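Shown next: work37.cif, containing mmCIF, C-alpha atoms and all ligand atoms.
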data_model
#
loop_
_atom_site.group_PDB
_atom_site.id
_atom_site.type_symbol
_atom_site.label_atom_id
_atom_site.label_comp_id
_atom_site.auth_asym_id
_atom_site.auth_seq_id
_atom_site.Cartn_x
_atom_site.Cartn_y
_atom_site.Cartn_z
ATOM 1 C CA MET D 1 32.023 23.880 28.642
ATOM 2 C CA SER D 2 28.690 23.097 30.276
ATOM 3 C CA HIS D 3 27.843 20.664 33.072
ATOM 4 C CA THR D 4 24.550 19.111 34.115
ATOM 5 C CA SER D 5 22.251 19.978 37.046
ATOM 6 C CA LEU D 6 20.447 17.401 39.167
ATOM 7 C CA GLU D 7 17.260 17.875 37.047
ATOM 8 C CA GLY D 8 19.247 17.074 33.896
ATOM 9 C CA ALA D 9 19.424 20.687 32.667
ATOM 10 C CA ALA D 10 22.671 21.784 31.025
ATOM 11 C CA ILE D 11 24.318 24.590 33.001
ATOM 12 C CA MET D 12 26.179 27.064 30.817
ATOM 13 C CA PRO D 13 29.425 28.842 31.923
ATOM 14 C CA ASN D 14 27.393 31.950 32.822
ATOM 15 C CA GLY D 15 25.195 29.870 35.155
ATOM 16 C CA SER D 16 22.102 29.870 32.904
ATOM 17 C CA LYS D 17 20.242 26.574 32.533
ATOM 18 C CA ILE D 18 19.117 25.007 29.268
ATOM 19 C CA LYS D 19 16.342 22.534 29.952
ATOM 20 C CA PRO D 20 16.648 19.429 27.780
ATOM 21 C CA GLU D 21 13.700 18.604 25.546
ATOM 22 C CA SER D 22 11.566 15.807 26.940
ATOM 23 C CA ASP D 23 10.612 12.902 24.651
ATOM 24 C CA TYR D 24 7.165 14.479 24.340
ATOM 25 C CA ASP D 25 8.689 17.857 23.423
ATOM 26 C CA VAL D 26 10.715 16.259 20.632
ATOM 27 C CA LEU D 27 7.722 14.315 19.324
ATOM 28 C CA TYR D 28 5.453 17.375 19.575
ATOM 29 C CA ARG D 29 7.960 19.526 17.711
ATOM 30 C CA ILE D 30 8.183 16.998 14.883
ATOM 31 C CA MET D 31 4.397 16.568 14.709
ATOM 32 C CA THR D 32 3.690 20.289 14.646
ATOM 33 C CA THR D 33 6.480 21.414 12.340
ATOM 34 C CA ARG D 34 5.906 18.689 9.750
ATOM 35 C CA MET D 35 3.970 20.018 6.783
ATOM 36 C CA SER D 36 2.947 18.586 3.445
ATOM 37 C CA VAL D 37 5.689 19.481 0.977
ATOM 38 C CA ARG D 38 4.596 19.376 -2.655
ATOM 39 C CA ARG D 39 7.727 21.008 -4.038
ATOM 40 C CA ILE D 40 10.785 18.804 -3.555
ATOM 41 C CA ARG D 41 14.309 19.409 -4.838
ATOM 42 C CA PRO D 42 15.703 16.704 -7.150
ATOM 43 C CA ASP D 43 18.974 16.478 -5.174
ATOM 44 C CA PRO D 44 19.736 12.983 -3.878
ATOM 45 C CA ILE D 45 19.194 12.069 -0.238
ATOM 46 C CA PRO D 46 21.487 9.780 1.778
ATOM 47 C CA GLU D 47 20.638 6.078 1.328
ATOM 48 C CA GLU D 48 20.565 5.587 5.099
ATOM 49 C CA TYR D 49 17.663 8.077 5.304
ATOM 50 C CA VAL D 50 15.564 5.802 3.098
ATOM 51 C CA GLU D 51 16.309 2.889 5.424
ATOM 52 C CA LYS D 52 15.384 4.992 8.459
ATOM 53 C CA ILE D 53 12.046 5.971 6.883
ATOM 54 C CA LEU D 54 11.204 2.353 6.022
ATOM 55 C CA GLU D 55 12.306 1.220 9.474
ATOM 56 C CA ALA D 56 9.943 3.746 11.091
ATOM 57 C CA GLY D 57 7.117 2.508 8.865
ATOM 58 C CA ARG D 58 7.517 -1.118 9.835
ATOM 59 C CA TRP D 59 6.979 -0.329 13.540
ATOM 60 C CA ALA D 60 3.412 0.920 13.018
ATOM 61 C CA MET D 61 0.428 -0.535 14.853
ATOM 62 C CA SER D 62 -1.972 -2.803 12.956
ATOM 63 C CA GLY D 63 -4.978 -4.971 13.815
ATOM 64 C CA ALA D 64 -3.695 -8.089 15.631
ATOM 65 C CA ASN D 65 -0.250 -7.162 14.324
ATOM 66 C CA GLY D 66 -1.213 -8.297 10.802
ATOM 67 C CA GLN D 67 1.262 -5.754 9.295
ATOM 68 C CA PRO D 68 -0.485 -5.518 5.909
ATOM 69 C CA TRP D 69 2.186 -3.251 4.367
ATOM 70 C CA GLU D 70 5.019 -3.598 1.847
ATOM 71 C CA TYR D 71 7.149 -0.817 0.386
ATOM 72 C CA LEU D 72 8.329 -0.317 -3.184
ATOM 73 C CA VAL D 73 11.264 2.119 -3.430
ATOM 74 C CA ILE D 74 11.786 3.833 -6.791
ATOM 75 C CA LYS D 75 14.788 5.909 -7.838
ATOM 76 C CA ASP D 76 14.983 5.255 -11.573
ATOM 77 C CA PRO D 77 13.987 8.552 -13.285
ATOM 78 C CA LYS D 78 12.143 6.856 -16.157
ATOM 79 C CA ARG D 79 10.124 4.616 -13.854
ATOM 80 C CA LYS D 80 9.230 7.574 -11.614
ATOM 81 C CA ARG D 81 8.149 9.536 -14.705
ATOM 82 C CA ASP D 82 6.066 6.647 -16.077
ATOM 83 C CA LEU D 83 4.390 6.256 -12.698
ATOM 84 C CA TYR D 84 3.692 9.996 -12.520
ATOM 85 C CA ASP D 85 2.204 10.043 -16.024
ATOM 86 C CA ALA D 86 -0.031 7.065 -15.246
ATOM 87 C CA PHE D 87 -1.105 8.763 -12.004
ATOM 88 C CA GLN D 88 -1.855 12.107 -13.683
ATOM 89 C CA ASP D 89 -3.800 10.548 -16.535
ATOM 90 C CA THR D 90 -6.041 8.465 -14.281
ATOM 91 C CA SER D 91 -6.146 9.456 -10.583
ATOM 92 C CA THR D 92 -5.665 13.206 -11.041
ATOM 93 C CA GLU D 93 -7.843 13.417 -14.147
ATOM 94 C CA PHE D 94 -10.600 11.540 -12.297
ATOM 95 C CA CYS D 95 -10.288 13.921 -9.307
ATOM 96 C CA PHE D 96 -10.476 16.933 -11.623
ATOM 97 C CA TRP D 97 -13.785 15.888 -13.167
ATOM 98 C CA MET D 98 -15.318 14.709 -9.895
ATOM 99 C CA GLU D 99 -14.486 18.048 -8.283
ATOM 100 C CA GLN D 100 -16.279 19.950 -11.050
ATOM 101 C CA MET D 101 -19.517 18.471 -9.649
ATOM 102 C CA ARG D 102 -19.244 20.672 -6.543
ATOM 103 C CA PRO D 103 -19.837 24.425 -6.163
ATOM 104 C CA PHE D 104 -16.664 26.318 -7.083
ATOM 105 C CA GLU D 105 -15.632 27.339 -3.547
ATOM 106 C CA LEU D 106 -16.077 23.841 -2.130
ATOM 107 C CA ARG D 107 -13.948 22.146 -4.769
ATOM 108 C CA HIS D 108 -10.500 21.026 -3.761
ATOM 109 C CA PRO D 109 -8.359 24.131 -4.380
ATOM 110 C CA ALA D 110 -6.181 22.331 -6.914
ATOM 111 C CA PHE D 111 -9.246 21.922 -9.134
ATOM 112 C CA GLN D 112 -10.957 25.294 -8.814
ATOM 113 C CA VAL D 113 -11.000 26.431 -12.443
ATOM 114 C CA LYS D 114 -12.986 29.239 -14.001
ATOM 115 C CA GLY D 115 -12.439 28.822 -17.740
ATOM 116 C CA ASP D 116 -15.307 27.939 -20.113
ATOM 117 C CA ASP D 117 -13.604 24.946 -21.650
ATOM 118 C CA LEU D 118 -13.100 22.403 -18.872
ATOM 119 C CA LYS D 119 -11.070 20.065 -21.073
ATOM 120 C CA ASP D 120 -8.706 22.907 -21.791
ATOM 121 C CA GLU D 121 -8.519 23.794 -18.078
ATOM 122 C CA TRP D 122 -7.713 20.163 -17.243
ATOM 123 C CA GLN D 123 -4.890 20.122 -19.802
ATOM 124 C CA LYS D 124 -3.439 23.272 -18.222
ATOM 125 C CA ILE D 125 -3.405 21.566 -14.818
ATOM 126 C CA ARG D 126 -2.113 18.304 -16.301
ATOM 127 C CA ASN D 127 0.850 19.995 -17.923
ATOM 128 C CA SER D 128 1.556 22.550 -15.224
ATOM 129 C CA THR D 129 4.842 22.279 -13.352
ATOM 130 C CA GLY D 130 3.042 23.652 -10.302
ATOM 131 C CA GLY D 131 4.408 27.196 -9.957
ATOM 132 C CA GLN D 132 5.964 28.183 -6.655
ATOM 133 C CA GLN D 133 4.043 25.699 -4.523
ATOM 134 C CA ARG D 134 4.526 22.465 -6.397
ATOM 135 C CA ARG D 135 6.830 20.478 -8.582
ATOM 136 C CA PRO D 136 5.873 17.243 -10.324
ATOM 137 C CA TRP D 137 6.570 14.611 -7.699
ATOM 138 C CA HIS D 138 8.534 12.351 -10.068
ATOM 139 C CA GLU D 139 11.371 14.895 -9.728
ATOM 140 C CA ALA D 140 11.845 13.888 -6.082
ATOM 141 C CA PRO D 141 14.969 11.685 -5.712
ATOM 142 C CA VAL D 142 13.042 8.857 -4.056
ATOM 143 C CA VAL D 143 9.443 7.730 -4.382
ATOM 144 C CA ILE D 144 8.166 5.151 -1.899
ATOM 145 C CA VAL D 145 4.975 3.385 -2.936
ATOM 146 C CA VAL D 146 3.153 1.825 0.009
ATOM 147 C CA LEU D 147 1.471 -1.438 -0.926
ATOM 148 C CA GLY D 148 -1.134 -3.412 1.008
ATOM 149 C CA ASP D 149 -1.819 -7.126 1.169
ATOM 150 C CA GLY D 150 -5.487 -7.518 2.090
ATOM 151 C CA ARG D 151 -4.996 -11.158 3.055
ATOM 152 C CA ARG D 152 -2.920 -10.175 6.044
ATOM 153 C CA GLN D 153 -5.912 -8.396 7.592
ATOM 154 C CA TRP D 154 -7.288 -11.866 8.378
ATOM 155 C CA ALA D 155 -4.889 -11.803 11.297
ATOM 156 C CA THR D 156 -7.365 -9.602 13.089
ATOM 157 C CA VAL D 157 -10.613 -10.541 14.855
ATOM 158 C CA ASN D 158 -13.578 -11.501 12.681
ATOM 159 C CA ALA D 159 -15.625 -8.675 14.197
ATOM 160 C CA ALA D 160 -13.559 -6.311 12.090
ATOM 161 C CA PHE D 161 -15.335 -7.592 8.974
ATOM 162 C CA THR D 162 -18.963 -7.466 10.123
ATOM 163 C CA PHE D 163 -21.805 -4.963 10.541
ATOM 164 C CA GLY D 164 -20.633 -2.323 8.096
ATOM 165 C CA ARG D 165 -17.142 -2.163 9.470
ATOM 166 C CA HIS D 166 -15.875 -3.193 6.060
ATOM 167 C CA ALA D 167 -12.227 -4.058 6.038
ATOM 168 C CA SER D 168 -11.142 -0.892 7.788
ATOM 169 C CA HIS D 169 -8.446 -2.652 9.831
ATOM 170 C CA PHE D 170 -6.611 -3.034 6.543
ATOM 171 C CA THR D 171 -6.608 0.653 5.618
ATOM 172 C CA ASP D 172 -6.197 1.729 9.261
ATOM 173 C CA GLY D 173 -2.956 -0.270 9.430
ATOM 174 C CA LEU D 174 -1.751 1.130 6.106
ATOM 175 C CA ALA D 175 -2.510 4.691 7.217
ATOM 176 C CA ASN D 176 -0.565 4.089 10.418
ATOM 177 C CA THR D 177 2.559 2.886 8.617
ATOM 178 C CA CYS D 178 2.354 5.933 6.333
ATOM 179 C CA THR D 179 2.018 8.328 9.275
ATOM 180 C CA HIS D 180 5.072 6.777 10.942
ATOM 181 C CA MET D 181 6.980 7.320 7.712
ATOM 182 C CA GLN D 182 5.799 10.913 7.323
ATOM 183 C CA LEU D 183 6.960 11.717 10.863
ATOM 184 C CA ALA D 184 10.309 10.015 10.256
ATOM 185 C CA ILE D 185 10.717 12.044 7.058
ATOM 186 C CA ALA D 186 10.065 15.288 8.969
ATOM 187 C CA SER D 187 12.474 14.243 11.744
ATOM 188 C CA LEU D 188 15.226 13.817 9.119
ATOM 189 C CA GLY D 189 14.678 17.360 7.853
ATOM 190 C CA LEU D 190 13.130 16.132 4.599
ATOM 191 C CA GLY D 191 9.828 16.931 2.918
ATOM 192 C CA SER D 192 7.022 14.772 1.594
ATOM 193 C CA HIS D 193 3.275 14.643 1.180
ATOM 194 C CA TRP D 194 0.438 12.136 1.156
ATOM 195 C CA GLY D 195 -0.215 11.166 -2.472
ATOM 196 C CA THR D 196 -3.586 9.432 -2.435
ATOM 197 C CA VAL D 197 -4.134 6.797 -5.095
ATOM 198 C CA HIS D 198 -7.706 6.805 -6.404
ATOM 199 C CA VAL D 199 -7.184 4.552 -9.425
ATOM 200 C CA GLN D 200 -4.543 1.932 -8.785
ATOM 201 C CA GLU D 201 -4.595 -0.394 -11.812
ATOM 202 C CA PRO D 202 -2.481 1.773 -14.185
ATOM 203 C CA LEU D 203 0.124 2.173 -11.432
ATOM 204 C CA LYS D 204 0.217 -1.581 -10.883
ATOM 205 C CA ARG D 205 0.970 -2.053 -14.567
ATOM 206 C CA VAL D 206 3.934 0.353 -14.414
ATOM 207 C CA LEU D 207 5.323 -1.305 -11.274
ATOM 208 C CA GLY D 208 4.473 -4.941 -11.976
ATOM 209 C CA VAL D 209 2.406 -5.216 -8.786
ATOM 210 C CA PRO D 210 0.361 -8.457 -8.631
ATOM 211 C CA ASP D 211 -3.463 -8.322 -8.743
ATOM 212 C CA LEU D 212 -3.847 -9.343 -5.101
ATOM 213 C CA ILE D 213 -1.714 -6.481 -3.797
ATOM 214 C CA ASP D 214 -3.119 -2.952 -3.386
ATOM 215 C CA VAL D 215 -1.292 0.245 -4.295
ATOM 216 C CA TYR D 216 -2.188 2.385 -1.283
ATOM 217 C CA LEU D 217 -0.076 5.548 -1.230
ATOM 218 C CA ILE D 218 2.661 7.450 -3.026
ATOM 219 C CA ILE D 219 5.246 9.076 -0.779
ATOM 220 C CA SER D 220 7.720 11.246 -2.674
ATOM 221 C CA VAL D 221 10.708 12.202 -0.522
ATOM 222 C CA GLY D 222 13.489 14.750 -0.740
ATOM 223 C CA PHE D 223 14.708 18.108 0.490
ATOM 224 C CA ALA D 224 11.962 20.740 0.571
ATOM 225 C CA ASP D 225 12.111 23.526 -1.978
ATOM 226 C CA ILE D 226 9.595 25.674 -0.146
ATOM 227 C CA GLU D 227 9.438 27.695 3.079
ATOM 228 C CA ARG D 228 7.629 26.173 6.026
ATOM 229 C CA LYS D 229 4.188 27.630 6.634
ATOM 230 C CA PRO D 230 2.253 27.387 9.871
ATOM 231 C CA GLY D 231 -0.159 24.461 9.962
ATOM 232 C CA VAL D 232 -3.907 24.931 10.365
ATOM 233 C CA ARG D 233 -5.810 22.786 12.853
ATOM 234 C CA ARG D 234 -9.051 23.040 14.815
ATOM 235 C CA ASP D 235 -8.712 24.223 18.428
ATOM 236 C CA LEU D 236 -8.749 21.504 21.071
ATOM 237 C CA LYS D 237 -11.643 23.185 22.874
ATOM 238 C CA GLU D 238 -13.812 22.647 19.784
ATOM 239 C CA LEU D 239 -13.238 18.922 19.636
ATOM 240 C CA VAL D 240 -12.789 17.661 23.188
ATOM 241 C CA HIS D 241 -15.735 16.451 25.286
ATOM 242 C CA ARG D 242 -15.487 15.689 28.991
ATOM 243 C CA GLU D 243 -17.410 12.799 30.579
ATOM 244 C CA THR D 244 -20.365 12.999 28.135
ATOM 245 C CA TYR D 245 -20.826 14.418 24.643
ATOM 246 C CA ASP D 246 -21.235 18.199 24.832
ATOM 247 C CA MET D 247 -24.105 18.929 22.422
ATOM 248 C CA SER D 248 -23.143 22.606 22.224
ATOM 249 C CA LYS D 249 -20.217 21.388 20.108
ATOM 250 C CA PHE D 250 -22.335 19.248 17.795
ATOM 251 C CA MET D 251 -22.430 20.668 14.271
ATOM 252 C CA SER D 252 -25.662 20.597 12.303
ATOM 253 C CA ASN D 253 -25.482 19.663 8.625
ATOM 254 C CA GLU D 254 -25.705 23.386 7.802
ATOM 255 C CA ASP D 255 -22.818 24.126 10.190
ATOM 256 C CA ILE D 256 -20.710 21.562 8.360
ATOM 257 C CA ILE D 257 -21.145 23.344 5.026
ATOM 258 C CA ASP D 258 -20.170 26.617 6.681
ATOM 259 C CA TYR D 259 -17.154 24.869 8.228
ATOM 260 C CA LEU D 260 -16.029 23.602 4.824
ATOM 261 C CA TYR D 261 -16.246 27.081 3.296
ATOM 262 C CA LYS D 262 -14.145 28.464 6.149
ATOM 263 C CA LEU D 263 -11.638 25.611 5.962
ATOM 264 C CA ARG D 264 -11.066 26.252 2.270
ATOM 265 C CA GLY D 265 -10.556 29.929 3.050
ATOM 266 C CA LYS D 266 -7.825 29.123 5.570
ATOM 267 C CA THR D 267 -5.992 26.389 3.746
ATOM 268 C CA MET D 268 -6.320 27.105 0.046
ATOM 269 C CA PHE D 269 -3.273 29.393 -0.044
ATOM 270 C CA ARG D 270 -1.176 26.291 0.434
ATOM 271 C CA TYR D 271 -2.234 24.870 -2.896
ATOM 272 C CA HIS D 272 -2.162 28.106 -4.896
ATOM 273 C CA LEU D 273 -2.923 27.659 -8.544
ATOM 274 C CA LYS D 274 -4.192 31.163 -9.203
ATOM 275 C CA ASP D 275 -3.956 34.552 -7.485
ATOM 276 C CA SER D 276 -7.667 34.368 -6.721
ATOM 277 C CA LEU D 277 -6.873 31.501 -4.357
ATOM 278 C CA LEU D 278 -4.467 33.459 -2.175
ATOM 279 C CA PRO D 279 -5.331 34.206 1.508
ATOM 280 C CA GLY D 280 -8.334 36.453 1.846
ATOM 281 C CA ALA D 281 -10.074 35.127 -1.239
ATOM 282 C CA GLY D 282 -12.030 32.623 0.855
ATOM 283 C CA ASP D 283 -12.922 35.108 3.596
ATOM 284 C CA LYS D 284 -15.764 36.505 1.499
ATOM 285 C CA LYS D 285 -17.791 33.460 2.442
ATOM 286 C CA GLY D 286 -17.482 34.228 6.139
HETATM 287 C C1 LIG D 301 -6.129 10.618 3.905
HETATM 288 C C2 LIG D 301 -5.312 11.772 3.360
HETATM 289 C C3 LIG D 301 -5.357 12.053 2.007
HETATM 290 C C4 LIG D 301 -4.565 13.084 1.473
HETATM 291 N N1 LIG D 301 -4.487 13.226 0.115
HETATM 292 C C5 LIG D 301 -3.611 14.112 -0.396
HETATM 293 C C6 LIG D 301 -3.364 14.135 -1.792
HETATM 294 O O1 LIG D 301 -3.874 13.334 -2.562
HETATM 295 N N2 LIG D 301 -2.517 15.077 -2.289
HETATM 296 C C7 LIG D 301 -1.888 15.956 -1.468
HETATM 297 O O2 LIG D 301 -1.136 16.785 -1.975
HETATM 298 N N3 LIG D 301 -2.067 15.949 -0.112
HETATM 299 C C8 LIG D 301 -2.900 15.032 0.433
HETATM 300 N N4 LIG D 301 -3.060 14.944 1.804
HETATM 301 C C9 LIG D 301 -2.371 15.912 2.670
HETATM 302 C C10 LIG D 301 -3.362 16.878 3.331
HETATM 303 O O3 LIG D 301 -3.873 17.788 2.394
HETATM 304 C C11 LIG D 301 -2.628 17.626 4.458
HETATM 305 O O4 LIG D 301 -2.126 16.685 5.383
HETATM 306 C C12 LIG D 301 -3.544 18.596 5.202
HETATM 307 O O5 LIG D 301 -4.007 19.616 4.340
HETATM 308 C C13 LIG D 301 -2.835 19.253 6.381
HETATM 309 O O6 LIG D 301 -1.686 19.958 5.929
HETATM 310 P P1 LIG D 301 -0.235 19.612 6.466
HETATM 311 O O7 LIG D 301 0.051 18.175 6.152
HETATM 312 O O8 LIG D 301 0.688 20.543 5.717
HETATM 313 O O9 LIG D 301 -0.230 19.881 7.940
HETATM 314 C C14 LIG D 301 -3.796 13.903 2.346
HETATM 315 C C15 LIG D 301 -3.744 13.597 3.709
HETATM 316 C C16 LIG D 301 -4.452 12.523 4.205
HETATM 317 C C17 LIG D 301 -4.269 12.114 5.648
#
File written out as structure tokens:
Amino acid sequence: MSHTSLEGAAIMPNGSKIKPESDYDVLYRIMTTRMSVRRIRPDPIPEEYVEKILEAGRWAMSGANGQPWEYLVIKDPKRKRDLYDAFQDTSTEFCFWMEQMRPFELRHPAFQVKGDDLKDEWQKIRNSTGGQQRRPWHEAPVVIVVLGDGRRQWATVNAAFTFGRHASHFTDGLANTCTHMQLAIASLGLGSHWGTVHVQEPLKRVLGVPDLIDVYLIISVGFADIERKPGVRRDLKELVHRETYDMSKFMSNEDIIDYLYKLRGKTMFRYHLKDSLLPGAGDKKG
């Protein structure tokens, strides 16, 4: 049996102390061990986990507390499959062709193809089950679609809509609710990833979402079927300025291109479509 010291540390029978994790430690651990999981087991997850994820989402910050989010929870296998097919045939197909406009190494790794017949290469990606890194996300037991109601952004100050600031309070709020949910998912020992929606209309048709409501994000949730890999982030010293902007850290436009080549080199192994994309392949560029 253990007892507790004055500082709150647990004292073990042999006298050693185990310091309890502070709130920050717990939060930091969740933030840094969460990773995007694109290969999820089909096994069901407890219903109360879904409620906990949604509950975390609803506590997000939003401009003037407008709370522009709604959540659509899908478990029916046919509906998940129909949604996936609509997503693949519009959003993913669109991404594939847009990415072919960039130099090979700067394309998103999922769309770096070398074959002569691009249509054929697209079909291979479209019909792929994703190898060891991915599984089609409709196989996840639960898919949460995050919806946005643009009218609720009118809760916020008018300044949010002027001088090129677009309607960013809307998408900022939606991103916040999604981040809350992603952290809650990680804290429950589950996996998920951020499924950006580029073309929403076909998805609305599958889900019966009214015209005035946006389909913002697809969050597939379940137990991970993949080992955790260390995350990749820029060092703090590169991105923190003290008192005034430190111009030695300012990147020229040329530096940015170099940065993107290096970033692809470090992160592309996560996506892995071909052996040529494994670690090391991107190092050739510097
Ligand atoms: C705005 C945004 C868009 C993203 N879009 C996608 C996406 O469409 N598909 C995907 O698999 N991951 C997507 N991601 C996940 C990122 O690729 C991932 O968070 C990043 O590479 C860092 O990896 P980590 O989440 O494993 O730490 C997106 C993340 C954000 C915040």
Selection as a ChimeraX atom specification: residues within 10 Å of ligand LIG 301 (chain D) by all atoms listed in the file: /D:31-38,91-92,95,108,110,134,137,175,178-179,182,192-198,217-219,228-233,263-264,267-268,270-271
So which residues get picked by the PyMOL selection byres (((chain D and resi 42-57) around 12) and not hetatm) here, written as a compact mmCIF listing (two decimals) with C-alpha atoms, keeping the file's coordinate frame?
# COMPACT_ATOMS: atom_id res chain seq x y z
CA ARG D 39 7.73 21.01 -4.04
CA ILE D 40 10.78 18.80 -3.56
CA ARG D 41 14.31 19.41 -4.84
CA ARG D 58 7.52 -1.12 9.84
CA TRP D 59 6.98 -0.33 13.54
CA ALA D 60 3.41 0.92 13.02
CA MET D 61 0.43 -0.54 14.85
CA SER D 62 -1.97 -2.80 12.96
CA GLN D 67 1.26 -5.75 9.30
CA PRO D 68 -0.48 -5.52 5.91
CA TRP D 69 2.19 -3.25 4.37
CA GLU D 70 5.02 -3.60 1.85
CA TYR D 71 7.15 -0.82 0.39
CA LEU D 72 8.33 -0.32 -3.18
CA VAL D 73 11.26 2.12 -3.43
CA ILE D 74 11.79 3.83 -6.79
CA LYS D 75 14.79 5.91 -7.84
CA ASP D 76 14.98 5.26 -11.57
CA PRO D 77 13.99 8.55 -13.28
CA ARG D 135 6.83 20.48 -8.58
CA PRO D 136 5.87 17.24 -10.32
CA TRP D 137 6.57 14.61 -7.70
CA HIS D 138 8.53 12.35 -10.07
CA GLU D 139 11.37 14.90 -9.73
CA ALA D 140 11.84 13.89 -6.08
CA PRO D 141 14.97 11.68 -5.71
CA VAL D 142 13.04 8.86 -4.06
CA VAL D 143 9.44 7.73 -4.38
CA ILE D 144 8.17 5.15 -1.90
CA VAL D 145 4.97 3.38 -2.94
CA VAL D 146 3.15 1.82 0.01
CA LEU D 147 1.47 -1.44 -0.93
CA GLY D 173 -2.96 -0.27 9.43
CA LEU D 174 -1.75 1.13 6.11
CA ALA D 175 -2.51 4.69 7.22
CA ASN D 176 -0.56 4.09 10.42
CA THR D 177 2.56 2.89 8.62
CA CYS D 178 2.35 5.93 6.33
CA THR D 179 2.02 8.33 9.28
CA HIS D 180 5.07 6.78 10.94
CA MET D 181 6.98 7.32 7.71
CA GLN D 182 5.80 10.91 7.32
CA LEU D 183 6.96 11.72 10.86
CA ALA D 184 10.31 10.02 10.26
CA ILE D 185 10.72 12.04 7.06
CA ALA D 186 10.06 15.29 8.97
CA SER D 187 12.47 14.24 11.74
CA LEU D 188 15.23 13.82 9.12
CA GLY D 189 14.68 17.36 7.85
CA LEU D 190 13.13 16.13 4.60
CA GLY D 191 9.83 16.93 2.92
CA SER D 192 7.02 14.77 1.59
CA ILE D 219 5.25 9.08 -0.78
CA SER D 220 7.72 11.25 -2.67
CA VAL D 221 10.71 12.20 -0.52
CA GLY D 222 13.49 14.75 -0.74
CA PHE D 223 14.71 18.11 0.49
CA ALA D 224 11.96 20.74 0.57
CA ASP D 225 12.11 23.53 -1.98
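Pairwise distance (atom CA of D:Asp211, atom CA of D:Asp149) equals 10.1 Å.
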Length of the atom CA of D:Asn127 to atom CA of D:Met101 vector [Å]: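 One can read the atom CA of D:Asn127 to atom CA of D:Met101 distance as 22.0 Å.
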For atom CA of D:Val209 and atom CA of D:Arg79, the interatomic separation in Å (one decimal):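 Pair atom CA of D:Val209 / atom CA of D:Arg79 returns 13.5 Å.
Among D:Ile257, D:Asp235, D:Pro202, D:Lys262, the residue with the shortest atom-to-atom distance to D:Leu83, counting all atoms listed in the file, is D:Pro202.
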Report as a tab-separated table (two decimals) with C-alpha atoms, in the coordinates of the input the residues that result from applying the PyMOL selection byres (((chain D and resi 153) around 12) and not hetatm) to the structure here.
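Saved result, out.tsv, follows:
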chain	number	residue	atom	x	y	z
D	62	SER	CA	-1.97	-2.80	12.96
D	63	GLY	CA	-4.98	-4.97	13.82
D	64	ALA	CA	-3.70	-8.09	15.63
D	65	ASN	CA	-0.25	-7.16	14.32
D	66	GLY	CA	-1.21	-8.30	10.80
D	67	GLN	CA	1.26	-5.75	9.30
D	68	PRO	CA	-0.48	-5.52	5.91
D	69	TRP	CA	2.19	-3.25	4.37
D	148	GLY	CA	-1.13	-3.41	1.01
D	149	ASP	CA	-1.82	-7.13	1.17
D	150	GLY	CA	-5.49	-7.52	2.09
D	151	ARG	CA	-5.00	-11.16	3.06
D	152	ARG	CA	-2.92	-10.18	6.04
D	154	TRP	CA	-7.29	-11.87	8.38
D	155	ALA	CA	-4.89	-11.80	11.30
D	156	THR	CA	-7.36	-9.60	13.09
D	157	VAL	CA	-10.61	-10.54	14.86
D	158	ASN	CA	-13.58	-11.50	12.68
D	159	ALA	CA	-15.62	-8.68	14.20
D	160	ALA	CA	-13.56	-6.31	12.09
D	161	PHE	CA	-15.34	-7.59	8.97
D	166	HIS	CA	-15.88	-3.19	6.06
D	167	ALA	CA	-12.23	-4.06	6.04
D	168	SER	CA	-11.14	-0.89	7.79
D	169	HIS	CA	-8.45	-2.65	9.83
D	170	PHE	CA	-6.61	-3.03	6.54
D	171	THR	CA	-6.61	0.65	5.62
D	172	ASP	CA	-6.20	1.73	9.26
D	173	GLY	CA	-2.96	-0.27	9.43
D	174	LEU	CA	-1.75	1.13	6.11
Pick from D:Gln200, D:Gln100, D:Asn253, D:Gln123, whichever lies nearest to D:Ala86 using only C-alpha atoms: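 Ranking D:Gln200, D:Gln100, D:Asn253, D:Gln123 by distance to D:Ala86, first place goes to D:Gln200.
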Box time for stretch 239-249 of chain D: axis-aligned, enclosing all its listed atoms, 6 Å extra on each side; report centre and edge lengths in Å to one decimal, as JSON.
{"center_x": -18.4, "center_y": 17.7, "center_z": 25.1, "size_x": 23.3, "size_y": 21.8, "size_z": 22.9}
Given all atoms listed in the file as the counted atoms, nearest of D:Gln112, D:Asp246, D:Leu207, D:Leu106 to D:Lys78: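 Selected residue with least distance to D:Lys78: D:Leu207.
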Shell around D:Phe111 at 9 Å using all atoms listed in the file, local window under 5 positions removed, as a list of chain:residue names: D:Cys95, D:Phe96, D:Trp97, D:Glu99, D:Gln100, D:Phe104, D:Trp122, D:Ile125, D:Leu273
Would you save the residues of that selection, restricted to C-alpha atoms, as a short mmCIF file (atom, residue, chain, number, x, y, z; two decimals), in the coordinates of the input?
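again_22.cif, freshly written:
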data_model
loop_
_atom_site.label_atom_id
_atom_site.label_comp_id
_atom_site.auth_asym_id
_atom_site.auth_seq_id
_atom_site.Cartn_x
_atom_site.Cartn_y
_atom_site.Cartn_z
CA CYS D 95 -10.29 13.92 -9.31
CA PHE D 96 -10.48 16.93 -11.62
CA TRP D 97 -13.78 15.89 -13.17
CA GLU D 99 -14.49 18.05 -8.28
CA GLN D 100 -16.28 19.95 -11.05
CA PHE D 104 -16.66 26.32 -7.08
CA TRP D 122 -7.71 20.16 -17.24
CA ILE D 125 -3.40 21.57 -14.82
CA LEU D 273 -2.92 27.66 -8.54
#
